[in-house]
Amino acid sequence: MTNPVVVTAVFVPAAGQHDAVVAALSPAIAAVHAEPGCLLYAIHDAPDGSIVMVEKWESAELLDAHGTGDAVAHLSASLAGMLERPVAVTRLAPIPAGTAEQGQL
């Protein structure tokens, strides 16, 4: 069995672009939810004005396929000129602790 992979992607909208970034991210979510291996793909507002995407994938291989897929290519194109800096993507590996239900994503 492969271990799931949790990913965070932090989008920092350029001045005045927050709503436009959310509008660009929203259609990608439904497309990615349909991809093999996607267990979680959700966006959240952060207190600093950035938008944080939290993802969970069944395996690194399926995450890699997502990263080279059409949904990511379309999303990247739709965000052109809207971000203050490149998206910061971090892959995380769970360290289970506590209960199985609450100790990991």
# chains A, B, ... in the order shown; residues from 1 in each chain; ligands from 1
>>> residues_around(residues="range 31-45 of chain A", least_positions_apart="6", cutoff="12 Å", atoms="only C-alpha atoms", output="MDAnalysis selection string")
chainID A and resid 2:13 18:19 21:25 51:75 105
>>> select_by_dssp(residues="range 34-101 of chain A", states="strand (DSSP E)", output="number ranges by chain")
A: 38-45, 51-57, 88-92
>>> write_last_selection(atoms="C-alpha atoms", output="PDB file, in the first residue's frame")
ATOM      1  CA  CYS A  38      -7.814  12.900  -5.530  1.00  0.00           C
ATOM      2  CA  LEU A  39      -9.049  12.526  -1.961  1.00  0.00           C
ATOM      3  CA  LEU A  40      -9.184  16.227  -1.046  1.00  0.00           C
ATOM      4  CA  TYR A  41      -8.761  19.441  -3.043  1.00  0.00           C
ATOM      5  CA  ALA A  42     -10.076  22.521  -1.232  1.00  0.00           C
ATOM      6  CA  ILE A  43      -9.268  26.237  -0.994  1.00  0.00           C
ATOM      7  CA  HIS A  44      -9.242  28.376   2.142  1.00  0.00           C
ATOM      8  CA  ASP A  45      -8.700  32.049   2.892  1.00  0.00           C
ATOM      9  CA  ILE A  51      -5.427  31.550  -0.538  1.00  0.00           C
ATOM     10  CA  VAL A  52      -4.310  28.136   0.655  1.00  0.00           C
ATOM     11  CA  MET A  53      -5.199  24.999  -1.225  1.00  0.00           C
ATOM     12  CA  VAL A  54      -5.096  21.794   0.805  1.00  0.00           C
ATOM     13  CA  GLU A  55      -4.853  18.588  -1.199  1.00  0.00           C
ATOM     14  CA  LYS A  56      -4.694  14.900  -0.397  1.00  0.00           C
ATOM     15  CA  TRP A  57      -3.732  12.282  -2.959  1.00  0.00           C
ATOM     16  CA  ALA A  88       4.430  27.910  -3.080  1.00  0.00           C
ATOM     17  CA  VAL A  89       3.740  24.153  -3.191  1.00  0.00           C
ATOM     18  CA  THR A  90       4.742  21.859  -0.331  1.00  0.00           C
ATOM     19  CA  ARG A  91       4.351  18.068  -0.269  1.00  0.00           C
ATOM     20  CA  LEU A  92       3.774  16.631   3.188  1.00  0.00           C
TER      21      LEU A  92
END
>>> select_by_dssp(residues="range 4-78 of chain A", states="alpha helix (DSSP H)", output="PyMOL selection string")
chain A and resi 18-33+60-67+70-78
>>> atom_distance(atom1="CA of Glu84 in chain A", atom2="CA of Ala20 in chain A")
12.9 Å
>>> decode(residues="range 25-67 of chain A", atoms="C-alpha atoms", output="PDB file, in the first residue's frame")
ATOM      1  CA  LEU A  25      -9.444  28.430  -8.851  1.00  0.00           C
ATOM      2  CA  SER A  26     -13.104  27.462  -8.465  1.00  0.00           C
ATOM      3  CA  PRO A  27     -13.681  25.708 -11.828  1.00  0.00           C
ATOM      4  CA  ALA A  28     -10.438  23.756 -11.448  1.00  0.00           C
ATOM      5  CA  ILE A  29     -11.688  22.212  -8.217  1.00  0.00           C
ATOM      6  CA  ALA A  30     -14.495  20.234  -9.875  1.00  0.00           C
ATOM      7  CA  ALA A  31     -12.145  19.039 -12.622  1.00  0.00           C
ATOM      8  CA  VAL A  32      -9.520  17.900 -10.121  1.00  0.00           C
ATOM      9  CA  HIS A  33     -12.095  16.170  -7.905  1.00  0.00           C
ATOM     10  CA  ALA A  34     -12.757  13.857 -10.874  1.00  0.00           C
ATOM     11  CA  GLU A  35      -9.071  12.932 -11.277  1.00  0.00           C
ATOM     12  CA  PRO A  36      -7.875   9.504 -10.163  1.00  0.00           C
ATOM     13  CA  GLY A  37      -6.385   9.569  -6.683  1.00  0.00           C
ATOM     14  CA  CYS A  38      -7.814  12.900  -5.530  1.00  0.00           C
ATOM     15  CA  LEU A  39      -9.049  12.526  -1.961  1.00  0.00           C
ATOM     16  CA  LEU A  40      -9.184  16.227  -1.046  1.00  0.00           C
ATOM     17  CA  TYR A  41      -8.761  19.441  -3.043  1.00  0.00           C
ATOM     18  CA  ALA A  42     -10.076  22.521  -1.232  1.00  0.00           C
ATOM     19  CA  ILE A  43      -9.268  26.237  -0.994  1.00  0.00           C
ATOM     20  CA  HIS A  44      -9.242  28.376   2.142  1.00  0.00           C
ATOM     21  CA  ASP A  45      -8.700  32.049   2.892  1.00  0.00           C
ATOM     22  CA  ALA A  46      -5.731  32.786   5.159  1.00  0.00           C
ATOM     23  CA  PRO A  47      -5.550  35.789   7.498  1.00  0.00           C
ATOM     24  CA  ASP A  48      -2.698  37.317   5.472  1.00  0.00           C
ATOM     25  CA  GLY A  49      -4.867  37.540   2.324  1.00  0.00           C
ATOM     26  CA  SER A  50      -3.374  34.502   0.641  1.00  0.00           C
ATOM     27  CA  ILE A  51      -5.427  31.550  -0.538  1.00  0.00           C
ATOM     28  CA  VAL A  52      -4.310  28.136   0.655  1.00  0.00           C
ATOM     29  CA  MET A  53      -5.199  24.999  -1.225  1.00  0.00           C
ATOM     30  CA  VAL A  54      -5.096  21.794   0.805  1.00  0.00           C
ATOM     31  CA  GLU A  55      -4.853  18.588  -1.199  1.00  0.00           C
ATOM     32  CA  LYS A  56      -4.694  14.900  -0.397  1.00  0.00           C
ATOM     33  CA  TRP A  57      -3.732  12.282  -2.959  1.00  0.00           C
ATOM     34  CA  GLU A  58      -3.751   8.487  -2.777  1.00  0.00           C
ATOM     35  CA  SER A  59      -0.122   8.342  -3.929  1.00  0.00           C
ATOM     36  CA  ALA A  60       2.798  10.433  -5.126  1.00  0.00           C
ATOM     37  CA  GLU A  61       2.401   8.870  -8.586  1.00  0.00           C
ATOM     38  CA  LEU A  62      -1.196  10.063  -8.909  1.00  0.00           C
ATOM     39  CA  LEU A  63      -0.200  13.489  -7.582  1.00  0.00           C
ATOM     40  CA  ASP A  64       2.548  13.641 -10.227  1.00  0.00           C
ATOM     41  CA  ALA A  65       0.014  12.790 -12.948  1.00  0.00           C
ATOM     42  CA  HIS A  66      -2.224  15.587 -11.649  1.00  0.00           C
ATOM     43  CA  GLY A  67       0.682  18.033 -11.814  1.00  0.00           C
TER      44      GLY A  67
END
